[in-house]
Protein chains: 2
Amino acid sequence: MRTDTVYKKAFNRAANMLRDGQLAGELPSENELRRRMCVSRTTVRKVLRELVHRELVTECNGHRSTGRPVGDNDYYPDAETTPRAKHVEQQFMEWMLRGDTRPGTSINELELARQFGVATNGIREFLIRFSRFGLIEKRPNTGWLFKGFTEDFALELFEIRVMFELRSAQLFSLQPDSSPLWSKLAALKMAHTDLLERIEGRFHDFSGLDNRFHRLINEASQNRFIDDFYDIITFIFHYHYQWNKHDEKQRNLAAIHEHIAYIGALESRNSTRIEVACRAHLASARETLMRSLTAFDESSINA
Amino acid sequence: MRTDTVYKKAFNRAANMLRDGQLAGELPSENELRRRMCVSRTTVRKVLRELVHRELVTECNGHRSTGRPVGDNDYYPDAETTPRAKHVEQQFMEWMLRGDTRPGTSINELELARQFGVATNGIREFLIRFSRFGLIEKRPNTGWLFKGFTEDFALELFEIRVMFELRSAQLFSLQPDSSPLWSKLAALKMAHTDLLERIEGRFHDFSGLDNRFHRLINEASQNRFIDDFYDIITFIFHYHYQWNKHDEKQRNLAAIHEHIAYIGALESRNSTRIEVACRAHLASARETLMRSLTAFDESSINA
DNA sequence: AAGTTGTTTTTTATGGATAAAGTTCATGCT
DNA sequence: AGCATGAACTTTATCCATAAAAAACAACTT
């Protein structure tokens, strides 16, 4: 049966809004709520029905207003707000990156389905989607081949990444002064210096910033294939570093400095400086990944 | 139910082998046949059973040998040898490229499923696979958006293509003399001059040659993302020109000459010459596509 | 007329079943 | 021991069913 994660997530969101006063007094119309929560009215109505049922909202001759205060246990647990497909993704990435899955292993849809507790269909759809990342390959009628999260992979990934980003960065520097990209860049620059000051406690915030920064640069090239490729980067980094926190603060600190230099180069609009800064940063990102890859390999072997 | 296209295709292949004498006299073992036909022994046995049943092969105390001659109507029709997934692909491409499907149209899985006579699952799997081509986009819980086979698409596609191929071509020229790529290139050069002589009747053969040529160049970069990207090109060109034969001979003739110049440049190992030849050829390929796109748009409008 | 809410219809996300194809195990033959 | 066939088992390709979510329609209200 289809999961009701959309409803549950919407419910939690509504509860949050009630709690921090965004919905004080009389509630807005169903349509207004629908817009704010980005779900269909059908779902909004389901949420409202439950809110009323739990007396978080009171209904009296057609008018709805806030009811009793929201308690911590009014929320649905997080796991129930994530669709199956997302769970499959998470479990697969864990299986691949943390298990001792070696290059050359063949992937069995049925086995994964059993292991993850979903229908084979869901596994298959995930694998098709995932295959664009270059880590698995389909052999018709037979199954999938895991090619390995190897150094080769990282090298090929960065070869493309550098090519794309050099181009985007040069295009960026050619934007007219009036382009909104410049102000966004200035804002990001500030965010970087701010983070630098609070680095001690907040170094986890870097990954979000990193993503925003590179996405911004890519925006200059307005090419869907470059965008899509950056999705791969984001995805891989997200999962890989989620389980690989070694030296995180150190790494992020260095990267922040590289970013700041890179931003400076962009603002100078000096083509050579840009190339140098861009290459320097990406080379260092690649080294970080490569190092963690070898470390990772060793830990798997010894595990 | 799963289609038995694998069996039928294998059967046809076996019939062909019988017909042109590759299997004269006593047949090889099941395992040997399996290897030659690239299917499982299970399928080989099914084929053999049917061959015997139709007396194309005779069996006598455990030994199999050729029976009556193969007739034209012993073959299964082509349509029955293509798996559902492939049919979906073909029908979808036709729907997209030939129908009057406008950019911005939303794609309905159920509707396509009905139209194509398959289960929704098959449609969905195809769309997921196809989404990497940058022509459609998924909006969760809602459907897919067709972004249009537009000029923007062609421009973005070629922007990447040029970037990749310039790099591959330069890497190609740096290969040592001993690299097998050089002899493959020489063979392709011959194939080109041969085709040039027989251009009148054989200009359809160019697309295969074109594909082989560019794939060969890409081989020099040994990067899975570049390979995968060329899959997009191949796919798009395959379907697009399948229904767009305008000026085909003319186009191909020009392209052959460009290829020959390009090959010469590679053989000269002169970096500048290579860049010029590569850019020239790709620019002309892009123009061809763009022209046919506008022509295509107009014909759709008038249709 | 534009915005509400109530109701019905359509479509997506997900699970389940099954024939076909692939793989492994068993037995027998040189 | 090594290869051939037979039989049993496993996995993939494919269809179908259904609850959840979205969209469309209808009836009111201000």
# chains A, B, ... in the order shown; residues from 1 in each chain; ligands from 1

$ interface_residues --of "chain C" --to "chain A" --cutoff "10 Å" --atoms "only C-alpha atoms (C1' of nucleotides)" --output "list in words"
DG3, DT4, DT5, DT12, DA13, DT14, DG15, DG16, DA20, DA21, DG22 and DT23 of chain C

$ closest_atom_pairs --of "chain D" --to "chain A" --cutoff "9 Å" --atoms "only C-alpha atoms (C1' of nucleotides)" --output "JSON lines"
{"residue": "D:DT11", "atom": "C1'", "partner": "A:Leu110", "partner_atom": "CA", "distance": 6.9}
{"residue": "D:DT12", "atom": "C1'", "partner": "A:Asn141", "partner_atom": "CA", "distance": 5.7}
{"residue": "D:DA13", "atom": "C1'", "partner": "A:Asn141", "partner_atom": "CA", "distance": 7.8}
{"residue": "D:DT18", "atom": "C1'", "partner": "A:Met1", "partner_atom": "CA", "distance": 6.8}
{"residue": "D:DA19", "atom": "C1'", "partner": "A:Met1", "partner_atom": "CA", "distance": 5.6}
{"residue": "D:DA20", "atom": "C1'", "partner": "A:Arg2", "partner_atom": "CA", "distance": 5.8}
{"residue": "D:DA21", "atom": "C1'", "partner": "A:Thr43", "partner_atom": "CA", "distance": 6.9}
{"residue": "D:DA22", "atom": "C1'", "partner": "A:Ser40", "partner_atom": "CA", "distance": 5.9}
{"residue": "D:DA23", "atom": "C1'", "partner": "A:Ser40", "partner_atom": "CA", "distance": 8.6}

$ interface_residues --of "chain B" --to "chain A" --cutoff "7 Å" --atoms "only C-alpha atoms" --output "mmCIF file with C-alpha atoms, in the first residue's frame"
data_model
loop_
_atom_site.group_PDB
_atom_site.id
_atom_site.type_symbol
_atom_site.label_atom_id
_atom_site.label_comp_id
_atom_site.auth_asym_id
_atom_site.auth_seq_id
_atom_site.Cartn_x
_atom_site.Cartn_y
_atom_site.Cartn_z
ATOM 1 C CA GLU B 125 10.773 2.571 -15.505
ATOM 2 C CA ILE B 128 13.141 7.153 -15.014
ATOM 3 C CA ARG B 129 15.750 5.872 -17.419
ATOM 4 C CA GLY B 134 17.331 16.084 -19.897
ATOM 5 C CA GLU B 156 23.136 22.676 -24.224
ATOM 6 C CA ASN B 223 35.905 8.363 -18.580
ATOM 7 C CA ARG B 224 32.570 6.703 -17.864
#

$ select_by_dssp --residues "region 36-76 of chain A" --states "strand (DSSP E)" --output "JSON list (two decimals) with all heavy atoms, in the first residue's frame"
[["chain", "number", "residue", "atom", "x", "y", "z"],
["A", 57, "VAL", "N", -7.01, 21.81, 16.96],
["A", 57, "VAL", "CA", -7.78, 22.85, 16.29],
["A", 57, "VAL", "C", -9.24, 22.63, 16.67],
["A", 57, "VAL", "O", -9.69, 21.48, 16.77],
["A", 57, "VAL", "CB", -7.61, 22.75, 14.76],
["A", 57, "VAL", "CG1", -8.70, 23.51, 14.04],
["A", 57, "VAL", "CG2", -6.23, 23.26, 14.34],
["A", 58, "THR", "N", -9.95, 23.69, 16.93],
["A", 58, "THR", "CA", -11.38, 23.53, 17.25],
["A", 58, "THR", "C", -12.21, 24.07, 16.09],
["A", 58, "THR", "O", -11.82, 25.02, 15.42],
["A", 58, "THR", "CB", -11.76, 24.30, 18.52],
["A", 58, "THR", "OG1", -11.45, 25.67, 18.32],
["A", 58, "THR", "CG2", -11.01, 23.76, 19.73],
["A", 59, "GLU", "N", -13.33, 23.43, 15.91],
["A", 59, "GLU", "CA", -14.17, 23.78, 14.78],
["A", 59, "GLU", "C", -15.53, 24.15, 15.35],
["A", 59, "GLU", "O", -16.10, 23.40, 16.14],
["A", 59, "GLU", "CB", -14.29, 22.57, 13.86],
["A", 59, "GLU", "CG", -14.78, 22.89, 12.48],
["A", 59, "GLU", "CD", -14.58, 21.69, 11.57],
["A", 59, "GLU", "OE1", -14.66, 20.55, 12.10],
["A", 59, "GLU", "OE2", -14.34, 21.88, 10.37],
["A", 60, "CYS", "N", -16.04, 25.29, 14.93],
["A", 60, "CYS", "CA", -17.35, 25.66, 15.46],
["A", 60, "CYS", "C", -18.08, 26.45, 14.40],
["A", 60, "CYS", "O", -17.54, 27.40, 13.86],
["A", 60, "CYS", "CB", -17.15, 26.35, 16.81],
["A", 60, "CYS", "SG", -17.95, 27.90, 17.10],
["A", 63, "HIS", "N", -16.08, 27.53, 11.33],
["A", 63, "HIS", "CA", -14.86, 28.30, 11.55],
["A", 63, "HIS", "C", -13.87, 27.48, 12.36],
["A", 63, "HIS", "O", -14.24, 26.83, 13.32],
["A", 63, "HIS", "CB", -15.19, 29.62, 12.28],
["A", 63, "HIS", "CG", -15.93, 30.55, 11.41],
["A", 63, "HIS", "ND1", -15.38, 31.68, 10.86],
["A", 63, "HIS", "CD2", -17.21, 30.50, 10.95],
["A", 63, "HIS", "CE1", -16.27, 32.28, 10.11],
["A", 63, "HIS", "NE2", -17.41, 31.60, 10.15],
["A", 64, "ARG", "N", -12.62, 27.55, 11.92],
["A", 64, "ARG", "CA", -11.57, 26.79, 12.62],
["A", 64, "ARG", "C", -10.63, 27.73, 13.35],
["A", 64, "ARG", "O", -10.21, 28.74, 12.77],
["A", 64, "ARG", "CB", -10.77, 25.97, 11.61],
["A", 64, "ARG", "CG", -11.45, 24.68, 11.19],
["A", 64, "ARG", "CD", -10.60, 23.93, 10.22],
["A", 64, "ARG", "NE", -10.65, 24.55, 8.92],
["A", 64, "ARG", "CZ", -11.29, 24.05, 7.87],
["A", 64, "ARG", "NH1", -11.91, 22.90, 7.96],
["A", 64, "ARG", "NH2", -11.30, 24.69, 6.73],
["A", 65, "SER", "N", -10.31, 27.38, 14.57],
["A", 65, "SER", "CA", -9.29, 28.19, 15.25],
["A", 65, "SER", "C", -8.41, 27.29, 16.11],
["A", 65, "SER", "O", -8.75, 26.13, 16.35],
["A", 65, "SER", "CB", -9.94, 29.29, 16.07],
["A", 65, "SER", "OG", -11.02, 28.74, 16.80],
["A", 66, "THR", "N", -7.28, 27.84, 16.53],
["A", 66, "THR", "CA", -6.31, 27.03, 17.27],
["A", 66, "THR", "C", -6.93, 26.51, 18.56],
["A", 66, "THR", "O", -7.69, 27.19, 19.23],
["A", 66, "THR", "CB", -5.07, 27.87, 17.63],
["A", 66, "THR", "OG1", -5.52, 29.08, 18.23],
["A", 66, "THR", "CG2", -4.28, 28.20, 16.38]]

$ atom_distance --atom1 "CA of Ile233 (chain B)" --atom2 "CA of Val162 (chain B)"
11.8 Å

$ residues_around --residues "Gln91 (chain B)" --least-positions-apart "2" --cutoff "12 Å" --atoms "only C-alpha atoms (C1' of nucleotides)" --output "VMD selection string"
chain B and resid 84 to 89 93 to 99 112 to 113 115 to 118 123 126 239

$ select_by_dssp --residues "region 90-285 of chain A" --states "alpha helix (DSSP H)" --output "number ranges by chain"
A: 90-97, 109-116, 120-130, 151-173, 180-197, 199-202, 206-219, 224-242, 248-268, 271-285

$ atom_distance --atom1 "CA of His257 (chain A)" --atom2 "CA of Thr150 (chain A)"
28.0 Å

$ residues_around --residues "Gly148 (chain B)" --least-positions-apart "4" --cutoff "7 Å" --atoms "only C-alpha atoms (C1' of nucleotides)" --output "PyMOL selection string"
chain B and resi 102-104+135

$ atom_distance --atom1 "CA of His53 (chain A)" --atom2 "CA of Ala10 (chain A)"
15.9 Å

$ residues_around --residues "DA26 (chain C)" --least-positions-apart "5" --cutoff "12 Å" --atoms "only C-alpha atoms (C1' of nucleotides)" --output "list in words"
DT5, DG6, DA7 and DA8 of chain D

$ write_last_selection --atoms "C-alpha atoms (C1' of nucleotides)" --output "PDB file, in the first residue's frame"
ATOM      1  C1'  DT D   5      22.143 -33.817 -20.049  1.00  0.00           C
ATOM      2  C1'  DG D   6      18.226 -33.565 -16.704  1.00  0.00           C
ATOM      3  C1'  DA D   7      15.923 -31.451 -12.898  1.00  0.00           C
ATOM      4  C1'  DA D   8      15.305 -28.137  -9.225  1.00  0.00           C
TER       5       DA D   8
END

$ residues_around --residues "Gly71 (chain B)" --least-positions-apart "2" --cutoff "12 Å" --atoms "only C-alpha atoms (C1' of nucleotides)" --output "number ranges by chain"
B: 12, 15-16, 18-20, 54-56, 67-69, 73-76
